[in-house]
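Trainee: Following this line is coords-v1.cif, made up of mmCIF, C-alpha atoms and all ligand atoms:
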data_model
#
loop_
_atom_site.label_atom_id
_atom_site.label_comp_id
_atom_site.auth_asym_id
_atom_site.auth_seq_id
_atom_site.Cartn_x
_atom_site.Cartn_y
_atom_site.Cartn_z
CA MET A 1 101.96 113.39 61.34
CA GLY A 2 102.80 117.07 61.90
CA GLN A 3 102.17 118.72 65.25
CA LYS A 4 99.54 121.06 63.77
CA THR A 5 97.63 118.18 62.18
CA CYS A 6 97.65 116.29 65.50
CA ALA A 7 96.39 119.36 67.35
CA ARG A 8 93.64 119.89 64.75
CA ARG A 9 92.58 116.23 65.02
CA LEU A 10 92.44 116.48 68.79
CA LEU A 11 90.26 119.59 68.62
CA MET A 12 87.92 117.82 66.19
CA GLU A 13 87.78 114.75 68.46
CA ILE A 14 86.84 116.95 71.42
CA ALA A 15 84.28 118.98 69.42
CA GLU A 16 82.59 115.82 68.15
CA PHE A 17 82.53 114.33 71.66
CA ARG A 18 81.11 117.56 73.10
CA THR A 19 78.30 117.74 70.54
CA GLY A 20 77.28 114.11 71.14
CA LEU A 21 77.55 114.48 74.90
CA HIS A 22 75.46 117.65 75.11
CA SER A 23 72.66 116.30 72.97
CA TRP A 24 72.62 113.17 75.14
CA LEU A 25 72.66 115.25 78.36
CA ASP A 26 69.79 117.40 76.99
CA ALA A 27 67.76 114.28 76.29
CA HIS A 28 68.41 112.83 79.77
CA GLU A 29 68.20 116.07 81.74
CA SER A 30 65.29 115.07 83.98
CA GLU A 31 66.81 111.68 84.80
CA LEU A 32 70.16 113.24 85.77
CA ALA A 33 68.93 116.34 87.64
CA PRO A 34 69.49 116.43 91.43
CA THR A 35 66.41 115.38 93.38
CA PHE A 36 67.17 117.98 96.09
CA SER A 37 67.61 121.76 96.16
CA PRO A 38 71.35 122.58 96.01
CA PRO A 39 73.50 122.74 98.07
CA GLY A 40 71.81 119.77 99.83
CA THR A 41 73.64 117.71 102.40
CA LEU A 42 76.95 115.99 101.64
CA ASP A 43 75.08 112.65 101.73
CA GLU A 44 72.76 113.96 99.02
CA GLN A 45 75.62 115.38 96.94
CA ILE A 46 77.51 112.10 97.03
CA ALA A 47 74.43 109.99 96.26
CA GLN A 48 73.72 112.33 93.31
CA MET A 49 77.28 112.03 91.98
CA GLN A 50 77.31 108.23 92.25
CA ARG A 51 73.89 108.00 90.55
CA VAL A 52 75.07 110.28 87.70
CA LYS A 53 78.29 108.26 87.31
CA SER A 54 76.31 105.03 87.14
CA ILE A 55 73.92 106.35 84.44
CA LEU A 56 76.82 107.81 82.43
CA TYR A 57 78.83 104.61 82.76
CA ASP A 58 75.96 102.48 81.47
CA ALA A 59 75.64 104.88 78.53
CA ASP A 60 79.45 104.64 77.97
CA TRP A 61 80.18 108.37 78.52
CA MET A 62 82.25 107.60 81.64
CA LYS A 63 84.50 105.29 79.59
CA TYR A 64 85.87 107.77 77.04
CA GLY A 65 89.42 108.94 77.62
CA TRP A 66 90.25 105.88 79.80
CA PRO A 67 92.46 103.05 78.49
CA GLU A 68 90.96 99.79 77.28
CA ARG A 69 92.88 97.79 79.91
CA VAL A 70 90.51 99.23 82.54
CA ALA A 71 87.44 98.69 80.33
CA GLY A 72 87.67 102.22 78.90
CA LEU A 73 86.96 103.21 75.32
CA GLY A 74 90.26 105.02 74.76
CA GLY A 75 90.62 108.42 73.13
CA SER A 76 92.26 111.53 74.50
CA PRO A 77 92.10 112.10 78.29
CA LEU A 78 90.73 115.53 77.34
CA LEU A 79 87.42 113.79 76.59
CA ARG A 80 86.91 112.87 80.23
CA THR A 81 87.92 116.41 81.22
CA GLU A 82 85.21 117.67 78.89
CA LEU A 83 82.70 115.34 80.54
CA GLY A 84 83.58 116.55 84.05
CA ALA A 85 83.35 120.20 82.98
CA SER A 86 79.97 119.62 81.31
CA LEU A 87 78.56 118.01 84.46
CA ALA A 88 79.90 120.88 86.59
CA ALA A 89 78.52 123.53 84.21
CA ARG A 90 75.07 121.89 84.33
CA GLY A 91 75.12 121.49 88.13
CA LEU A 92 74.84 117.68 87.87
CA ALA A 93 77.86 116.80 90.04
CA ASP A 94 79.99 118.83 92.42
CA PRO A 95 83.31 119.43 90.62
CA GLY A 96 85.40 118.98 93.79
CA LEU A 97 83.89 115.56 94.53
CA PHE A 98 83.77 114.41 90.91
CA SER A 99 87.35 115.36 90.11
CA LEU A 100 88.68 112.99 92.80
CA ILE A 101 88.40 110.40 90.00
CA GLU A 102 91.09 112.29 88.11
CA VAL A 103 93.32 112.34 91.16
CA LEU A 104 93.04 108.64 91.98
CA ALA A 105 92.16 106.48 88.94
CA PRO A 106 95.34 107.37 86.95
CA THR A 107 97.41 106.35 90.00
CA LEU A 108 95.90 102.86 89.96
CA ILE A 109 96.31 102.59 86.19
CA ASP A 110 99.97 103.62 86.33
CA PHE A 111 101.11 101.91 89.54
CA ALA A 112 98.83 98.97 90.48
CA SER A 113 99.16 95.49 88.97
CA PRO A 114 97.18 95.31 85.68
CA GLU A 115 94.76 92.82 87.30
CA LEU A 116 94.02 95.08 90.26
CA ALA A 117 93.60 98.17 88.06
CA ALA A 118 91.24 96.26 85.73
CA GLU A 119 89.17 95.12 88.71
CA VAL A 120 88.83 98.37 90.65
CA VAL A 121 88.99 101.32 88.21
CA PRO A 122 85.64 100.41 86.56
CA ARG A 123 84.10 100.30 90.04
CA LEU A 124 85.23 103.87 90.70
CA LEU A 125 84.10 105.13 87.29
CA SER A 126 80.69 103.46 87.50
CA GLY A 127 79.81 104.89 90.89
CA ALA A 128 79.98 101.50 92.62
CA GLU A 129 82.82 102.76 94.85
CA LEU A 130 84.38 105.92 96.25
CA TRP A 131 88.07 106.28 97.09
CA CYS A 132 90.05 108.77 99.13
CA GLN A 133 93.59 110.17 99.17
CA GLY A 134 95.48 109.62 102.43
CA PHE A 135 98.52 111.91 102.13
CA SER A 136 98.39 114.75 104.71
CA GLU A 137 99.19 114.17 108.38
CA PRO A 138 98.84 116.42 111.43
CA SER A 139 102.38 117.74 111.08
CA THR A 140 102.95 117.19 107.36
CA GLY A 141 100.79 118.92 104.77
CA SER A 142 102.97 121.27 102.77
CA ASP A 143 106.00 119.32 103.93
CA LEU A 144 104.60 116.00 102.70
CA ALA A 145 108.00 114.32 102.50
CA GLY A 146 108.16 114.37 106.31
CA LEU A 147 105.20 111.98 106.73
CA THR A 148 105.43 109.41 109.52
CA CYS A 149 102.49 106.97 109.14
CA ARG A 150 104.50 103.70 109.05
CA ALA A 151 104.20 100.52 107.02
CA ASP A 152 106.36 97.64 108.28
CA PRO A 153 106.83 94.32 106.52
CA ASP A 154 105.68 91.12 108.18
CA GLY A 155 109.15 89.56 107.80
CA GLU A 156 111.77 90.58 105.23
CA ALA A 157 110.67 93.55 103.10
CA SER A 158 111.58 91.80 99.84
CA THR A 159 109.51 88.67 100.58
CA ALA A 160 106.80 89.91 102.97
CA SER A 161 103.28 88.84 102.04
CA THR A 162 101.70 91.51 104.24
CA TRP A 163 102.51 94.98 105.59
CA ILE A 164 101.34 96.41 108.91
CA ILE A 165 100.30 100.07 108.97
CA ASN A 166 100.30 102.34 112.03
CA GLY A 167 99.78 106.10 112.19
CA GLN A 168 97.39 108.91 111.38
CA LYS A 169 96.18 110.88 108.38
CA VAL A 170 94.14 114.08 108.45
CA TRP A 171 92.01 116.20 106.08
CA THR A 172 91.23 113.02 104.11
CA SER A 173 88.34 114.09 101.87
CA LEU A 174 85.36 111.69 101.89
CA ALA A 175 87.19 109.11 104.05
CA GLN A 176 83.96 108.20 105.84
CA TYR A 177 82.27 107.43 102.49
CA SER A 178 85.21 105.67 100.87
CA ASP A 179 85.70 102.01 100.05
CA ARG A 180 89.46 102.35 99.45
CA CYS A 181 92.31 104.73 100.09
CA VAL A 182 95.48 105.58 98.17
CA LEU A 183 97.75 105.84 101.18
CA LEU A 184 101.27 107.19 101.54
CA THR A 185 103.34 105.51 104.25
CA ARG A 186 106.87 105.71 105.64
CA THR A 187 108.83 102.55 104.91
CA GLY A 188 112.37 103.91 105.27
CA THR A 189 113.83 106.10 107.98
CA THR A 190 112.57 109.70 108.24
CA ASP A 191 116.09 110.86 107.24
CA SER A 192 115.58 109.36 103.81
CA ARG A 193 112.49 111.61 103.34
CA HIS A 194 111.53 111.36 99.65
CA ARG A 195 113.16 107.95 99.18
CA GLY A 196 111.61 106.19 102.18
CA ILE A 197 107.92 106.52 101.24
CA THR A 198 105.69 103.75 99.82
CA ALA A 199 102.13 103.94 98.50
CA PHE A 200 99.43 101.33 99.23
CA PHE A 201 95.86 100.82 98.08
CA VAL A 202 94.00 100.03 101.27
CA ASP A 203 90.44 98.74 101.76
CA MET A 204 88.77 101.10 104.21
CA ASP A 205 86.88 98.27 105.93
CA THR A 206 90.13 96.60 107.03
CA PRO A 207 90.16 96.04 110.83
CA GLY A 208 92.18 98.71 112.66
CA ILE A 209 91.02 101.71 110.58
CA THR A 210 89.04 104.39 112.45
CA VAL A 211 87.57 107.39 110.64
CA ALA A 212 86.64 110.55 112.57
CA PRO A 213 84.89 113.14 110.34
CA ILE A 214 85.79 116.83 110.85
CA GLU A 215 83.21 119.60 110.50
CA MET A 216 84.23 122.42 108.17
CA ILE A 217 83.26 126.08 108.59
CA ASN A 218 80.35 125.60 106.14
CA GLY A 219 78.86 122.83 108.29
CA MET A 220 79.81 120.00 105.92
CA HIS A 221 81.89 117.02 107.08
CA GLU A 222 83.87 116.71 103.88
CA PHE A 223 87.10 115.46 105.36
CA ALA A 224 88.21 113.31 108.29
CA GLU A 225 91.00 112.13 110.53
CA VAL A 226 91.92 108.51 109.77
CA PHE A 227 93.71 106.34 112.32
CA PHE A 228 95.59 103.14 111.47
CA ASP A 229 96.24 100.63 114.25
CA ASP A 230 98.02 97.46 113.13
CA VAL A 231 96.20 97.49 109.80
CA VAL A 232 97.23 94.46 107.73
CA VAL A 233 97.56 95.08 103.99
CA PRO A 234 98.54 92.43 101.41
CA ALA A 235 101.85 93.09 99.63
CA GLU A 236 100.01 92.99 96.26
CA ARG A 237 98.37 96.27 97.29
CA MET A 238 101.66 98.15 97.10
CA LEU A 239 101.44 100.82 94.38
CA GLY A 240 104.70 101.17 92.47
CA ASP A 241 108.00 100.16 94.01
CA LEU A 242 109.01 99.82 97.63
CA HIS A 243 110.25 103.29 98.71
CA GLY A 244 108.95 104.68 95.40
CA GLY A 245 105.90 106.41 96.88
CA TRP A 246 107.17 109.93 96.25
CA GLY A 247 107.00 109.26 92.51
CA VAL A 248 103.42 107.99 92.94
CA ALA A 249 102.46 111.17 94.83
CA MET A 250 104.06 113.43 92.23
CA SER A 251 102.38 111.60 89.34
CA ILE A 252 99.03 112.91 90.58
CA LEU A 253 100.06 116.53 90.10
CA PRO A 254 99.56 116.79 86.31
CA TYR A 255 95.96 115.56 86.57
CA GLU A 256 95.17 117.59 89.66
CA ARG A 257 96.52 120.71 88.00
CA SER A 258 94.81 120.24 84.60
CA SER A 259 91.51 118.36 84.40
CA CYS A 260 90.44 119.07 87.98
CA PHE A 261 90.96 122.79 87.48
CA TRP A 262 89.07 122.72 84.18
CA GLN A 263 86.02 121.25 85.94
CA ARG A 264 86.21 123.79 88.75
CA ILE A 265 86.48 126.68 86.27
CA ALA A 266 83.39 125.45 84.37
CA TYR A 267 81.46 125.45 87.63
CA LEU A 268 82.67 128.95 88.57
CA TYR A 269 81.46 130.29 85.21
CA ARG A 270 78.04 128.81 85.95
CA ARG A 271 77.94 130.51 89.36
CA LEU A 272 79.10 133.85 87.91
CA GLU A 273 76.32 133.69 85.32
CA MET A 274 73.83 133.05 88.14
CA LEU A 275 75.19 136.09 89.96
CA VAL A 276 74.84 138.26 86.82
CA GLU A 277 71.12 137.35 86.69
CA VAL A 278 70.40 138.70 90.19
CA ALA A 279 73.06 141.42 90.68
CA PRO A 280 72.10 145.10 90.47
CA ALA A 281 72.45 146.59 86.97
CA ASP A 282 74.85 149.40 87.88
CA ASP A 283 78.47 150.44 87.24
CA ARG A 284 79.79 149.10 90.52
CA ALA A 285 78.32 145.65 89.87
CA ALA A 286 79.72 145.73 86.33
CA ARG A 287 83.21 146.43 87.70
CA VAL A 288 83.03 143.71 90.39
CA ILE A 289 81.65 141.11 87.97
CA GLY A 290 84.05 142.22 85.25
CA ASP A 291 87.00 141.66 87.57
CA ALA A 292 85.83 138.13 88.46
CA TYR A 293 85.13 137.38 84.80
CA ALA A 294 88.59 138.60 83.71
CA GLN A 295 90.25 136.36 86.31
CA LEU A 296 88.16 133.35 85.35
CA HIS A 297 88.82 133.93 81.69
CA SER A 298 92.60 134.18 82.16
CA VAL A 299 92.81 131.01 84.22
CA ARG A 300 90.58 129.23 81.67
CA ALA A 301 92.96 130.17 78.85
CA ARG A 302 95.94 129.15 80.94
CA SER A 303 94.34 125.85 81.97
CA ARG A 304 93.45 124.94 78.39
CA ALA A 305 97.06 125.46 77.35
CA THR A 306 98.23 123.28 80.26
CA GLN A 307 95.88 120.47 79.26
CA HIS A 308 97.02 120.56 75.67
CA ARG A 309 100.66 120.44 76.72
CA LEU A 310 99.86 117.39 78.86
CA ALA A 311 97.95 115.75 75.99
CA GLU A 312 100.98 116.32 73.73
CA GLY A 313 103.17 114.41 76.19
CA ALA A 314 104.85 117.31 78.01
CA THR A 315 105.96 116.76 81.61
CA LEU A 316 104.21 119.28 83.84
CA GLY A 317 106.23 120.84 86.62
CA ALA A 318 106.66 123.99 88.67
CA GLU A 319 104.82 126.13 86.10
CA THR A 320 101.51 124.52 87.20
CA SER A 321 101.90 126.45 90.46
CA ILE A 322 100.81 129.47 88.40
CA ASP A 323 97.60 127.64 87.42
CA LYS A 324 97.01 126.79 91.09
CA VAL A 325 97.42 130.39 92.26
CA LEU A 326 95.23 131.71 89.42
CA VAL A 327 92.37 129.26 89.94
CA ALA A 328 92.29 129.81 93.71
CA THR A 329 92.33 133.60 93.25
CA ALA A 330 89.57 133.45 90.63
CA GLU A 331 87.42 131.30 92.92
CA GLN A 332 87.81 133.65 95.87
CA THR A 333 87.20 136.73 93.68
CA THR A 334 84.00 135.16 92.32
CA TYR A 335 82.57 134.44 95.77
CA ASP A 336 83.72 137.83 97.09
CA ALA A 337 81.72 139.33 94.22
CA VAL A 338 78.66 137.44 95.48
CA ARG A 339 79.10 138.81 99.00
CA ARG A 340 79.65 142.36 97.78
CA LEU A 341 76.77 142.46 95.29
CA LEU A 342 74.12 140.57 97.25
CA PRO A 343 74.39 142.23 100.68
CA GLY A 344 73.27 140.00 103.54
CA VAL A 345 72.63 136.95 101.34
CA VAL A 346 75.83 135.10 102.21
CA GLU A 347 75.51 136.12 105.86
CA MET A 348 71.79 135.72 106.60
CA ASP A 349 69.65 134.33 103.79
CA ASP A 350 68.35 130.91 104.86
CA THR A 351 66.54 130.09 101.63
CA ALA A 352 68.05 127.23 99.60
CA ILE A 353 69.65 129.78 97.25
CA GLY A 354 71.14 131.75 100.16
CA GLN A 355 72.46 128.58 101.78
CA ALA A 356 74.09 127.50 98.52
CA TRP A 357 75.91 130.85 98.18
CA ARG A 358 76.95 130.74 101.86
CA THR A 359 78.23 127.15 101.70
CA GLU A 360 80.28 127.89 98.60
CA TYR A 361 81.50 131.29 99.80
CA LEU A 362 82.83 129.69 102.99
CA TYR A 363 84.35 126.78 101.06
CA SER A 364 86.16 129.17 98.72
CA GLY A 365 88.48 130.02 101.62
CA ALA A 366 89.93 126.51 101.25
CA ALA A 367 90.94 127.15 97.63
CA THR A 368 94.24 128.65 98.74
CA ILE A 369 94.94 125.63 100.98
CA TYR A 370 94.02 122.29 99.35
CA GLY A 371 96.25 120.88 96.63
CA GLY A 372 99.16 123.09 97.80
CA THR A 373 98.81 126.36 99.71
CA ALA A 374 99.08 129.73 97.96
CA GLU A 375 102.20 130.67 99.96
CA VAL A 376 103.99 127.49 98.99
CA GLN A 377 102.99 127.91 95.33
CA ARG A 378 104.29 131.47 95.33
CA ASN A 379 107.57 130.26 96.80
CA ILE A 380 107.84 127.72 93.98
CA ILE A 381 107.08 130.39 91.35
CA ALA A 382 109.62 132.76 92.91
CA ARG A 383 112.40 130.23 93.35
CA ARG A 384 112.03 127.79 90.49
CA LEU A 385 110.50 129.93 87.76
CA LEU A 386 111.76 133.45 88.52
CA ASP A 387 115.11 132.35 89.97
CA LEU A 388 114.64 134.52 93.07
CA GLY A 389 116.66 132.32 95.44
CA ALA A 390 117.27 128.61 96.06
CA ASP A 391 114.84 126.14 97.71
CA GLU A 392 115.43 125.83 101.45
C1 LIG B 1 89.09 121.19 101.66
C2 LIG B 1 90.36 120.40 101.82
C3 LIG B 1 90.42 119.09 101.37
C4 LIG B 1 91.60 118.36 101.55
N1 LIG B 1 91.62 117.06 101.13
C5 LIG B 1 92.73 116.31 101.33
C6 LIG B 1 92.75 114.93 100.98
O1 LIG B 1 91.77 114.40 100.47
N2 LIG B 1 93.87 114.22 101.24
C7 LIG B 1 94.97 114.79 101.80
O2 LIG B 1 95.95 114.08 101.97
N3 LIG B 1 94.99 116.09 102.17
C8 LIG B 1 93.90 116.86 101.94
N4 LIG B 1 93.87 118.18 102.32
C9 LIG B 1 95.04 118.73 103.03
C10 LIG B 1 95.85 119.70 102.23
O3 LIG B 1 96.61 119.05 101.24
C11 LIG B 1 96.74 120.46 103.24
O4 LIG B 1 95.87 121.20 104.07
C12 LIG B 1 97.73 121.38 102.57
O5 LIG B 1 98.68 120.65 101.86
C13 LIG B 1 98.43 122.27 103.62
O6 LIG B 1 99.00 121.50 104.61
P1 LIG B 1 98.70 121.79 106.17
O7 LIG B 1 97.21 121.86 106.34
O8 LIG B 1 99.45 120.78 106.95
O9 LIG B 1 99.26 123.24 106.43
P2 LIG B 1 100.78 123.61 106.73
O10 LIG B 1 101.65 122.96 105.72
O11 LIG B 1 101.05 123.37 108.17
O12 LIG B 1 100.76 125.16 106.46
C14 LIG B 1 100.27 126.11 107.42
C15 LIG B 1 100.56 127.50 106.88
O13 LIG B 1 101.99 127.68 106.73
C16 LIG B 1 102.31 128.02 105.39
N5 LIG B 1 103.55 127.37 105.00
C17 LIG B 1 103.89 126.06 105.19
N6 LIG B 1 105.11 125.83 104.67
C18 LIG B 1 105.56 126.98 104.16
C19 LIG B 1 106.75 127.38 103.48
N7 LIG B 1 107.73 126.50 103.26
N8 LIG B 1 106.86 128.68 103.09
C20 LIG B 1 105.85 129.56 103.31
N9 LIG B 1 104.70 129.26 103.95
C21 LIG B 1 104.56 127.99 104.36
C22 LIG B 1 101.16 127.51 104.56
O14 LIG B 1 101.03 128.23 103.34
C23 LIG B 1 99.97 127.73 105.49
O15 LIG B 1 99.53 129.06 105.39
C24 LIG B 1 92.73 118.95 102.15
C25 LIG B 1 92.66 120.28 102.60
C26 LIG B 1 91.49 121.00 102.43
C27 LIG B 1 91.45 122.41 102.92
#
What is this file in structure tokens?
Ligand SMILES: Cc1cc2nc3c(=O)[nH]c(=O)nc-3n(C[C@H](O)[C@H](O)[C@H](O)COP(=O)(O)OP(=O)(O)OC[C@H]3O[C@@H](n4cnc5c(N)ncnc54)[C@H](O)[C@@H]3O)c2cc1C
Mentor:
Amino acid sequence: MGQKTCARRLLMEIAEFRTGLHSWLDAHESELAPTFSPPGTLDEQIAQMQRVKSILYDADWMKYGWPERVAGLGGSPLLRTELGASLAARGLADPGLFSLIEVLAPTLIDFASPELAAEVVPRLLSGAELWCQGFSEPSTGSDLAGLTCRADPDGEASTASTWIINGQKVWTSLAQYSDRCVLLTRTGTTDSRHRGITAFFVDMDTPGITVAPIEMINGMHEFAEVFFDDVVVPAERMLGDLHGGWGVAMSILPYERSSCFWQRIAYLYRRLEMLVEVAPADDRAARVIGDAYAQLHSVRARSRATQHRLAEGATLGAETSIDKVLVATAEQTTYDAVRRLLPGVVEMDDTAIGQAWRTEYLYSGAATIYGGTAEVQRNIIARRLLDLGADE
């Protein structure tokens, strides 16, 4: 089949899915709507997301775009991206929380044993469980390859039935709510850097794990420090090969930089439309909103192209750093527009609407940090795409 025919079929598949999904969402609007005034507490946001996942799973919508070996219904992964974006655009689930599925489920599908993936992925999709991503450490965020949280075999590495984990992670989103963690550990010497890292899938109720939530500037406790003291993990929980953890970590990038961004962009459009409804009708407001809209629109076009390249089997690489910079800039421009056009609302308005703007405005500062900082992305663009000097 020609490339154009494939692309046309894919677009038709997505359009058909979208039509069915939206008429179903319209019919179930009252059942799915949050039972609190946004932003709500993090507890409320998470309960809402898990409830929505459970209803959508029972109605099969959460199964499209996932392979049959994890009880999915198959089809293009773009279908699940469409679902996430639709939920974000309707305010039914926070895109940042919801898109953790995209970061973690593909890792289990690609690197866990088929039995383990078949057991646990449906639990994540159906809202029965939450998982977290234990990568960053106090001295290794951007420089992830320098991580030091150790996993040591109980005996010879090749025959060990268990591994013992010791060390610390930090900024682990939703660790205190999570049932499991995709954890990167050091199994070789620190000199080996990329080659001496191994990934494990760890149950968060294993003895020896301590979670200490951290308060963010917006008052939420979204992430946490996680301490591991002689935590025993069965060898079957190793994801991928021994010392092959860097490949596991890198495999997350294409999903993080495509579907997750698409969901975030859908949500930002929704918020910009809400701003348009209450902003003054003057030239200055038109310019400020126009600027935010132009940025959102460009990153949307860029992100769509990235997703289609991924769906066609392309390997995503350094060029997704452009998507990351664009989406973070668009997010910050959107919330700056709120602050500029609704004077005092972000700073002082304690109504539910004011609190929602404030919470999100403050959170937007993190957009240039999580998932790779803006400075590091710009270095990648300069060095690897524009050939402006070698990597250090
Ligand atoms: C809201 C939020 C949620 C997060 N969730 C998770 C999670 O669930 N799991 C997880 O593992 N991590 C998570 N993180 C951590 C995130 O991945 C790191 O914060 C990020 O990678 C940056 O690492 P760092 O904080 O150690 O900063 P550092 O790497 O120490 O960077 C500090 C500053 O130095 C700059 N810098 C560093 N290296 C260079 C360089 N080579 N050239 C130029 N400038 C440089 C950076 O741009 C930054 O401004 C989250 C972070 C946030 C904000």
Trainee: Please, which residues have at least one atom within 7 Å of an atom of ligand LIG 1 (chain B), using all atoms listed in the file, listed as an NGL selection string?
Mentor: :A and (132-143 or 170-173 or 223 or 366 or 369-376 or 379)
Trainee: Here's a test: counting all atoms listed in the file, identify every protein, DNA and RNA residue with an atom at most 12 Å from (79.5, 132.9, 82.1) in the file's coordinate frame, and state them as JSON, numbers by chain.
Mentor: {"A": [89, 265, 266, 267, 268, 269, 270, 271, 272, 273, 274, 275, 276, 277, 289, 290, 292, 293, 294, 296, 297, 300, 334]}
Trainee: Taking 2 positions as the minimum chain separation for residues in the same chain, which residues sit within 12 Å of region 160-163 of chain A when counting all atoms listed in the file? Answer as JSON, numbers by chain.
Mentor: {"A": [150, 151, 152, 153, 154, 155, 156, 157, 158, 165, 166, 185, 186, 187, 198, 199, 200, 201, 202, 230, 231, 232, 233, 234, 235, 236, 237, 238, 242]}
Trainee: How close does each residue of region 25-91 of chain A get to region 254-258 of chain A, giving the shortest atom pair and distance in Å to one decimal for every residue with an atom at most 12 Å away, counting all atoms listed in the file, sorted by chain and residue number, as CSV?
Mentor:
residue,atom,partner,partner_atom,distance
A:Pro77,CA,A:Tyr255,CA,9.8
A:Leu78,CA,A:Ser258,CA,9.6
A:Arg80,CA,A:Tyr255,CA,11.4
A:Thr81,CA,A:Ser258,CA,8.6
A:Glu82,CA,A:Ser258,CA,11.5
A:Gly84,CA,A:Ser258,CA,11.8
A:Ala85,CA,A:Ser258,CA,11.6
Trainee: Rank nothing, just name the residue among A:Asp282, A:Asp58, A:Asp179, A:Asp191 nearest to Thr148 (chain A), using all atoms listed in the file.
Mentor: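 Answer, going by the shortest atom-to-atom distance: A:Asp191.
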Trainee: Between A:Leu174, A:Cys260, A:Ala212, A:Leu10, which residue has the minimum interatomic distance to Pro95 (chain A), considering only C-alpha atoms?
Mentor: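 Of A:Leu174, A:Cys260, A:Ala212, A:Leu10, the one nearest Pro95 (chain A) is A:Cys260, counting only C-alpha atoms.
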Trainee: For region 254-267 of chain A, take all atoms listed in the file, fit an axis-aligned box around them, add 8 Å to each of the six sides, then output centre and edge lengths in Å rounded to one decimal, as JSON.
Mentor:
{"center_x": 90.5, "center_y": 121.1, "center_z": 86.9, "size_x": 34.1, "size_y": 27.1, "size_z": 21.5}
Trainee: Using only C-alpha atoms, which of A:Leu79, A:Ala93, A:Val70, A:Met348 sits nearest Met12 (chain A)?
Mentor: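 Smallest separation from Met12 (chain A) among the options: A:Leu79.
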Trainee: Report, in Å to a single decimal, how far apart CA of Ser303 (chain A) and CA of Arg383 (chain A) are.
Mentor: 21.8 Å
Trainee: Name the closest residue to Leu87 (chain A) among the candidates A:Met220, A:Val103, A:Leu32, A:Leu183; distances are taken between atoms, counting all atoms listed in the file.
Mentor: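 Smallest separation from Leu87 (chain A) among the options: A:Leu32.
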Trainee: Could you give me region 269-279 of chain A completed to N, CA, C and O atoms, formatted as an mmCIF file, in the frame of the given file?
Mentor:
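What ended up in part.cif:
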data_model
loop_
_atom_site.group_PDB
_atom_site.id
_atom_site.type_symbol
_atom_site.label_atom_id
_atom_site.label_comp_id
_atom_site.auth_asym_id
_atom_site.auth_seq_id
_atom_site.Cartn_x
_atom_site.Cartn_y
_atom_site.Cartn_z
ATOM 1 N N TYR A 269 82.159 129.529 86.257
ATOM 2 C CA TYR A 269 81.460 130.290 85.210
ATOM 3 C C TYR A 269 79.937 130.217 85.432
ATOM 4 O O TYR A 269 79.222 131.201 85.322
ATOM 5 N N ARG A 270 79.476 129.000 85.730
ATOM 6 C CA ARG A 270 78.040 128.810 85.950
ATOM 7 C C ARG A 270 77.566 129.699 87.102
ATOM 8 O O ARG A 270 76.547 130.377 87.007
ATOM 9 N N ARG A 271 78.341 129.723 88.196
ATOM 10 C CA ARG A 271 77.940 130.510 89.360
ATOM 11 C C ARG A 271 78.010 132.012 89.056
ATOM 12 O O ARG A 271 77.177 132.771 89.532
ATOM 13 N N LEU A 272 79.001 132.430 88.250
ATOM 14 C CA LEU A 272 79.100 133.850 87.910
ATOM 15 C C LEU A 272 77.894 134.258 87.056
ATOM 16 O O LEU A 272 77.326 135.344 87.250
ATOM 17 N N GLU A 273 77.508 133.388 86.150
ATOM 18 C CA GLU A 273 76.320 133.690 85.320
ATOM 19 C C GLU A 273 75.079 133.817 86.198
ATOM 20 O O GLU A 273 74.224 134.671 85.981
ATOM 21 N N MET A 274 74.978 132.969 87.227
ATOM 22 C CA MET A 274 73.830 133.050 88.140
ATOM 23 C C MET A 274 73.857 134.374 88.903
ATOM 24 O O MET A 274 72.814 134.975 89.149
ATOM 25 N N LEU A 275 75.069 134.819 89.255
ATOM 26 C CA LEU A 275 75.190 136.090 89.960
ATOM 27 C C LEU A 275 74.756 137.237 89.035
ATOM 28 O O LEU A 275 74.039 138.152 89.465
ATOM 29 N N VAL A 276 75.184 137.190 87.777
ATOM 30 C CA VAL A 276 74.840 138.260 86.820
ATOM 31 C C VAL A 276 73.309 138.414 86.740
ATOM 32 O O VAL A 276 72.785 139.524 86.703
ATOM 33 N N GLU A 277 72.586 137.300 86.815
ATOM 34 C CA GLU A 277 71.120 137.350 86.690
ATOM 35 C C GLU A 277 70.467 138.126 87.837
ATOM 36 O O GLU A 277 69.432 138.749 87.651
ATOM 37 N N VAL A 278 71.072 138.077 89.029
ATOM 38 C CA VAL A 278 70.400 138.700 90.190
ATOM 39 C C VAL A 278 71.117 139.944 90.713
ATOM 40 O O VAL A 278 70.588 140.629 91.592
ATOM 41 N N ALA A 279 72.293 140.263 90.175
ATOM 42 C CA ALA A 279 73.060 141.420 90.680
ATOM 43 C C ALA A 279 72.425 142.712 90.196
ATOM 44 O O ALA A 279 71.747 142.729 89.163
#
